[in-house]
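Working notes, beginning with the structure itself.
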Amino acid sequence: MRPTIPRPFQVNAEDSAMPLRLIQLSDLHLFGDPSATLLGITTRQSFEAVLSLALAQPDPPQALILSGDLVQDASAAGYRYLRERLKRTEIPHYCIAGNHDLPALLTEHLGAAGLGAVALRRLAGWNLIFLDSSAAEQVSGVLTPTQLEQLAALLAAETAPALICLHHHPLSIGSTWMDQIGVSNGAALLALCERHPQVKAVLFGHVHQAFAEQRGSCWFLGAPATCFQFKPRSVNFALDDQPPGYRELTLYPDGQVRTRIVRLSAYAEIPLPQAGGY
C-alpha cells in the first residue's frame, strides 16, 4: 500500500540539529484471535499495515509511543502478540493503558514497556512523561490527585522540553459524544501545562481522529487509530471513511516540534456504516 503523506505542519518556524523522531500508534483494539474483527475491521491486520508503513519511512523513529486501547478483549494472548511484534521492530517502545485495557495484564505481558501511573523517560534532551488516565470500569478518564502532584513536582524539578502522553483527551475536541468521555478533570492538566512552559505538547489517543490545537506555547495533539476512525465534530457516535494511520513527531533540542499525520492511501476493509458503538 502506498502511503498518503501530507506536508508536515510545523509548530515552530526553524529547525534545530539532532532531532528526536517519534511515532505514535493509538487505539489498536487487538484481540487474542488474529482473525477477530471490530466494527468490520480485522484490527490485527490493520495494525500490521500501519506499523509496516511507519517503519518503511526513510528516517527510522527513535521510539514508538502506543497511547492506549491496545487490546480489546482483555486477553493475555493479545498482549503477548503485541509484545513479540514490538520486540521484532528493535525500536524502544512505550505503552500506556486506555479504557479498554487491563493495566495489570498490560504490565505483566509488556514488561518494562508497559508504563504505570506516572513514568518519565529522557530521550535526546527531552522529557517524555507518561500518564495512565484509565479508570476501572469507566470509558472516561481521570488523573488522580497523586498523579497530578507527582506531575507538578516533576515539572518543577525538570526544565527540559517536555512531551506529556496519555490516552484520554484533556480538552474539548468539538465532538459532543467524545467530549463526554475525555479526562474528567482535564482542566487540572491544562493548568499545569500553562504554568510550565517547558511542556511543548500533550499527546493523546482515544479520539480515533487527527486533532491539533495550540494553547499558549503548548500543542494538544490527537491521533488516528490504527483501525477504524471516528467522524470529527460529530454530535453522536459516527464512523469516518478515512483509512487507518499514525502520528509522526519530530522534537528538537530547543523545544521546537514538528508533526504530521500519515495514513494508508487505501485499506481494503470498510467499517460497518450503521454501527452505533462498540
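In the C-alpha cells, the first chain shown is A, the next is B, and so on; residue numbers restart at 1 for each chain, and ligands run from 1 in the order shown.
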
With the cut-off set at 8 Å and counting only C-alpha atoms, tabulate each residue of stretch 99-204 of chain A with an atom at most that distance from an atom of stretch 82-94 of chain A, showing the nearest atom pair and its distance in Å to one decimal, ordered by chain and increasing number, as JSON lines.
{"residue": "A:His109", "atom": "CA", "partner": "A:Arg83", "partner_atom": "CA", "distance": 6.9}
{"residue": "A:Leu110", "atom": "CA", "partner": "A:Arg83", "partner_atom": "CA", "distance": 5.5}
{"residue": "A:Ala113", "atom": "CA", "partner": "A:Tyr94", "partner_atom": "CA", "distance": 4.9}
{"residue": "A:Gly114", "atom": "CA", "partner": "A:Tyr94", "partner_atom": "CA", "distance": 6.4}
{"residue": "A:Leu115", "atom": "CA", "partner": "A:Tyr94", "partner_atom": "CA", "distance": 6.9}

Residues just named, written with N, CA and C atoms as a CSV table (one decimal), in the first residue's frame:
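See part-v4.csv below for the written result:
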chain,number,residue,atom,x,y,z
A,109,HIS,N,2.5,-8.5,30.7
A,109,HIS,CA,3.0,-9.1,29.5
A,109,HIS,C,3.8,-8.2,28.6
A,110,LEU,N,3.8,-6.9,28.9
A,110,LEU,CA,4.7,-6.0,28.1
A,110,LEU,C,5.9,-5.6,28.9
A,113,ALA,N,8.1,-2.1,29.0
A,113,ALA,CA,7.4,-1.3,28.0
A,113,ALA,C,6.0,-0.8,28.5
A,114,GLY,N,5.5,-1.6,29.4
A,114,GLY,CA,4.2,-1.2,30.0
A,114,GLY,C,4.3,-0.2,31.1
A,115,LEU,N,3.9,1.0,31.0
A,115,LEU,CA,4.2,2.0,31.9
A,115,LEU,C,3.0,2.2,32.9

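Summary of the local environment: counting only C-alpha atoms, residues at most 8 Å from A:Gly98, other than itself and those fewer than 3 positions away along its chain, are Ser67, Gly68, Asp69, Leu70, Asp101, Asp132, Ser133, Ser134, His167, His168 and His206 of chain A.
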
With C-alpha atoms kept, could you save the residues just selected as a short mmCIF file (atom, residue, chain, number, x, y, z; two decimals), in the first residue's frame?
data_model
loop_
_atom_site.label_atom_id
_atom_site.label_comp_id
_atom_site.auth_asym_id
_atom_site.auth_seq_id
_atom_site.Cartn_x
_atom_site.Cartn_y
_atom_site.Cartn_z
CA SER A 67 -1.21 5.54 23.51
CA GLY A 68 -3.79 3.12 24.83
CA ASP A 69 -6.67 0.81 23.92
CA LEU A 70 -4.09 -1.75 22.91
CA ASP A 101 -7.05 -2.21 28.55
CA ASP A 132 -2.22 6.43 32.91
CA SER A 133 -5.60 8.16 32.58
CA SER A 134 -7.64 4.94 32.63
CA HIS A 167 -4.82 8.05 26.47
CA HIS A 168 -7.82 10.31 27.07
CA HIS A 206 -8.93 7.74 22.37
#

Separation of atom CA of A:Leu155 from atom CA of A:Leu66, in Å and rounded to one decimal | 22.5 Å

Apply DSSP to the structure's backbone, then extract all residues of stretch 13-261 of chain A labelled strand (DSSP E) and return them as a PyMOL selection string.
-> chain A and resi 20-25+37-38+41-42+63-67+93-96+118-123+126-131+162-166+199-204+211-215+218-222+229-230+239-240+245-251+257-261

Could the residues in this selection be written to a file with C-alpha atoms, as a CSV table (one decimal), in the first residue's frame?
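Result file is part.csv:
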chain,number,residue,atom,x,y,z
A,20,LEU,CA,14.2,13.1,18.1
A,21,ARG,CA,11.7,11.3,15.8
A,22,LEU,CA,8.8,9.5,17.4
A,23,ILE,CA,5.8,7.5,16.0
A,24,GLN,CA,2.5,7.5,17.9
A,25,LEU,CA,0.3,4.4,17.3
A,37,THR,CA,-12.9,-8.1,13.8
A,38,LEU,CA,-14.3,-5.0,15.5
A,41,ILE,CA,-12.1,-4.2,10.8
A,42,THR,CA,-9.7,-7.0,11.4
A,63,ALA,CA,10.9,5.3,19.7
A,64,LEU,CA,7.3,4.2,19.4
A,65,ILE,CA,4.6,5.5,21.6
A,66,LEU,CA,1.4,3.4,21.9
A,67,SER,CA,-1.2,5.5,23.5
A,93,HIS,CA,8.6,1.4,22.7
A,94,TYR,CA,6.4,2.8,25.5
A,95,CYS,CA,2.9,1.6,26.1
A,96,ILE,CA,0.1,3.2,28.3
A,118,VAL,CA,3.4,8.3,36.1
A,119,ALA,CA,6.6,7.5,34.2
A,120,LEU,CA,9.5,9.6,32.9
A,121,ARG,CA,11.8,8.7,30.1
A,122,ARG,CA,14.6,11.0,28.9
A,123,LEU,CA,15.5,11.0,25.2
A,126,TRP,CA,13.5,15.8,26.1
A,127,ASN,CA,11.4,14.5,29.0
A,128,LEU,CA,8.8,12.1,27.8
A,129,ILE,CA,6.1,11.9,30.6
A,130,PHE,CA,3.5,9.2,30.5
A,131,LEU,CA,0.3,9.2,32.5
A,162,ALA,CA,8.6,18.0,27.8
A,163,LEU,CA,6.1,15.9,25.9
A,164,ILE,CA,3.2,14.5,28.0
A,165,CYS,CA,1.4,11.4,26.8
A,166,LEU,CA,-1.9,9.9,28.0
A,199,VAL,CA,5.6,21.4,28.2
A,200,LYS,CA,5.6,21.8,24.4
A,201,ALA,CA,3.0,19.2,23.5
A,202,VAL,CA,0.4,16.8,25.1
A,203,LEU,CA,-0.2,13.7,23.0
A,204,PHE,CA,-3.3,11.6,23.4
A,211,PHE,CA,-6.6,16.7,16.2
A,212,ALA,CA,-4.4,19.7,16.8
A,213,GLU,CA,-4.9,22.8,18.9
A,214,GLN,CA,-2.4,25.2,20.4
A,215,ARG,CA,-2.9,26.8,23.8
A,218,CYS,CA,1.7,24.0,24.1
A,219,TRP,CA,0.1,21.9,21.4
A,220,PHE,CA,-2.6,19.3,22.1
A,221,LEU,CA,-2.4,16.5,19.6
A,222,GLY,CA,-4.8,13.6,19.0
A,229,GLN,CA,-11.8,6.2,12.6
A,230,PHE,CA,-14.4,8.5,14.3
A,239,LEU,CA,-17.5,6.4,11.9
A,240,ASP,CA,-15.4,8.2,9.3
A,245,GLY,CA,-2.9,5.9,10.2
A,246,TYR,CA,-0.4,7.2,12.8
A,247,ARG,CA,1.1,10.5,14.0
A,248,GLU,CA,4.8,11.3,13.5
A,249,LEU,CA,6.6,13.8,15.7
A,250,THR,CA,10.0,15.4,15.3
A,251,LEU,CA,11.2,17.1,18.5
A,257,VAL,CA,8.0,20.4,17.5
A,258,ARG,CA,7.1,19.3,14.0
A,259,THR,CA,4.3,16.8,13.4
A,260,ARG,CA,2.2,15.2,10.7
A,261,ILE,CA,-0.4,12.6,10.2

Return the single residue from A:Leu30, A:Leu39, A:Ala74, A:Leu151 that is closest to A:Gln274, with distances computed using only C-alpha atoms.
-> A:Leu39

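Each of A:Pro170, A:Gly125, A:Pro34, A:Gly182 was checked against A:Asn99 using only C-alpha atoms; the smallest atom-to-atom distance is that of A:Gly182.
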
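Near A:Tyr267, within 12 Å and counting only C-alpha atoms, sit Met1, Arg2, Pro3, Thr4, Ile41, Thr42, Thr43, Gln45, Ser46, Phe47, Glu48, Ala49, Val50, Thr226, Cys227, Phe228, Asp241, Gln242, Pro243, Pro244, Gly245, Arg263, Leu264, Ser265, Glu269, Ile270 and Pro271 of chain A, not including residues fewer than 2 positions from it in the same chain.
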
Just the residues within 9 Å of A:Leu102, please, counting only C-alpha atoms, with nothing from its chain fewer than 2 positions along; format it as a PyMOL selection string.
-> chain A and resi 71+74-75+97-100+104-107+136

Would you write out those residues with all heavy atoms, as a CSV table (one decimal), in the first residue's frame?
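Result file is part-v8.csv:
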chain,number,residue,atom,x,y,z
A,71,VAL,N,-5.5,-3.6,23.6
A,71,VAL,CA,-6.1,-4.9,23.5
A,71,VAL,C,-7.6,-4.8,23.8
A,71,VAL,O,-7.9,-4.3,24.9
A,71,VAL,CB,-5.4,-6.0,24.3
A,71,VAL,CG1,-6.2,-7.3,24.3
A,71,VAL,CG2,-4.0,-6.2,23.8
A,74,ALA,N,-9.3,-8.1,26.5
A,74,ALA,CA,-8.7,-8.4,27.8
A,74,ALA,C,-8.0,-9.8,27.8
A,74,ALA,O,-8.1,-10.5,28.8
A,74,ALA,CB,-9.8,-8.3,28.9
A,75,SER,N,-7.4,-10.1,26.7
A,75,SER,CA,-6.7,-11.4,26.6
A,75,SER,C,-5.2,-11.3,26.8
A,75,SER,O,-4.6,-10.4,26.2
A,75,SER,CB,-7.1,-12.1,25.2
A,75,SER,OG,-6.4,-11.3,24.2
A,97,ALA,N,-2.0,2.5,29.2
A,97,ALA,CA,-3.3,1.9,29.1
A,97,ALA,C,-4.4,2.9,28.7
A,97,ALA,O,-4.3,4.1,28.9
A,97,ALA,CB,-3.6,1.4,30.5
A,98,GLY,N,-5.4,2.3,28.0
A,98,GLY,CA,-6.6,3.0,27.7
A,98,GLY,C,-7.8,2.4,28.4
A,98,GLY,O,-7.6,1.4,29.2
A,99,ASN,N,-9.0,2.9,28.2
A,99,ASN,CA,-10.1,2.4,28.9
A,99,ASN,C,-10.5,1.0,28.5
A,99,ASN,O,-11.2,0.3,29.3
A,99,ASN,CB,-11.3,3.3,28.7
A,99,ASN,CG,-11.6,3.6,27.2
A,99,ASN,OD1,-10.8,4.4,26.6
A,99,ASN,ND2,-12.6,3.0,26.6
A,100,HIS,N,-10.0,0.5,27.4
A,100,HIS,CA,-10.3,-0.9,27.0
A,100,HIS,C,-9.2,-1.9,27.5
A,100,HIS,O,-9.3,-3.1,27.3
A,100,HIS,CB,-10.5,-1.0,25.5
A,100,HIS,CG,-11.8,-0.5,25.0
A,100,HIS,ND1,-12.9,-1.2,25.1
A,100,HIS,CD2,-12.1,0.7,24.4
A,100,HIS,CE1,-13.9,-0.5,24.6
A,100,HIS,NE2,-13.4,0.6,24.2
A,104,ALA,N,-3.2,-4.4,34.6
A,104,ALA,CA,-2.4,-5.5,35.2
A,104,ALA,C,-1.9,-6.4,34.1
A,104,ALA,O,-0.7,-6.8,34.2
A,104,ALA,CB,-3.3,-6.3,36.2
A,105,LEU,N,-2.7,-6.8,33.2
A,105,LEU,CA,-2.3,-7.6,32.1
A,105,LEU,C,-1.2,-6.9,31.2
A,105,LEU,O,-0.3,-7.5,30.7
A,105,LEU,CB,-3.5,-8.1,31.2
A,105,LEU,CG,-4.3,-9.3,31.7
A,105,LEU,CD1,-5.4,-9.5,30.7
A,105,LEU,CD2,-3.4,-10.5,31.8
A,106,LEU,N,-1.5,-5.6,31.0
A,106,LEU,CA,-0.5,-4.8,30.2
A,106,LEU,C,0.9,-4.9,30.8
A,106,LEU,O,1.8,-5.2,30.1
A,106,LEU,CB,-1.1,-3.4,30.1
A,106,LEU,CG,-0.4,-2.4,29.1
A,106,LEU,CD1,-1.3,-1.3,28.7
A,106,LEU,CD2,0.9,-1.8,29.7
A,107,THR,N,1.0,-4.6,32.1
A,107,THR,CA,2.3,-4.6,32.7
A,107,THR,C,2.9,-6.0,32.8
A,107,THR,O,4.1,-6.2,32.7
A,107,THR,CB,2.3,-3.9,34.0
A,107,THR,OG1,1.3,-4.5,34.9
A,107,THR,CG2,1.9,-2.4,33.9
A,136,ALA,N,-10.9,2.2,36.3
A,136,ALA,CA,-11.5,0.9,36.3
A,136,ALA,C,-13.0,1.0,35.9
A,136,ALA,O,-13.7,1.8,36.6
A,136,ALA,CB,-11.3,0.1,37.6

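Taking atom CA of A:Ala54 and atom CA of A:Leu28 as endpoints, the distance between them is 14.4 Å.
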
Once DSSP has gone over the backbone, tell me which residues of stretch 178-240 of chain A are in helix (DSSP H, G or I), as an MDAnalysis selection string.
-> chainID A and resid 178:179 186:195

Kindly export the residues of the current selection with C-alpha atoms, as an mmCIF file, in the first residue's frame.
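Ended up saving to result_4.cif:
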data_model
loop_
_atom_site.group_PDB
_atom_site.id
_atom_site.type_symbol
_atom_site.label_atom_id
_atom_site.label_comp_id
_atom_site.auth_asym_id
_atom_site.auth_seq_id
_atom_site.Cartn_x
_atom_site.Cartn_y
_atom_site.Cartn_z
ATOM 1 C CA MET A 178 -16.457 12.157 22.649
ATOM 2 C CA ASP A 179 -16.156 15.207 24.883
ATOM 3 C CA GLY A 186 -8.639 17.629 32.303
ATOM 4 C CA ALA A 187 -8.671 21.280 33.383
ATOM 5 C CA ALA A 188 -6.129 20.406 36.076
ATOM 6 C CA LEU A 189 -3.711 19.115 33.456
ATOM 7 C CA LEU A 190 -4.280 22.171 31.265
ATOM 8 C CA ALA A 191 -3.480 24.412 34.227
ATOM 9 C CA LEU A 192 -0.210 22.584 34.898
ATOM 10 C CA CYS A 193 0.787 22.938 31.249
ATOM 11 C CA GLU A 194 0.012 26.655 31.371
ATOM 12 C CA ARG A 195 2.184 27.114 34.463
#

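Proximity of A:Ser175, A:Asn185, A:Gln72, A:Gln256 to A:Gln198, computed with only C-alpha atoms, is greatest for A:Gln256.
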
Got a sec: who's within 7 Å of A:Asn236, counting only C-alpha atoms, leaving out chain neighbours fewer than 2 positions off, as number ranges by chain?
-> A: 176-177, 234, 238

Just give me the gap between atom CA of A:Pro224 and atom CA of A:Leu55 in Å, one decimal is fine.
-> 16.8 Å
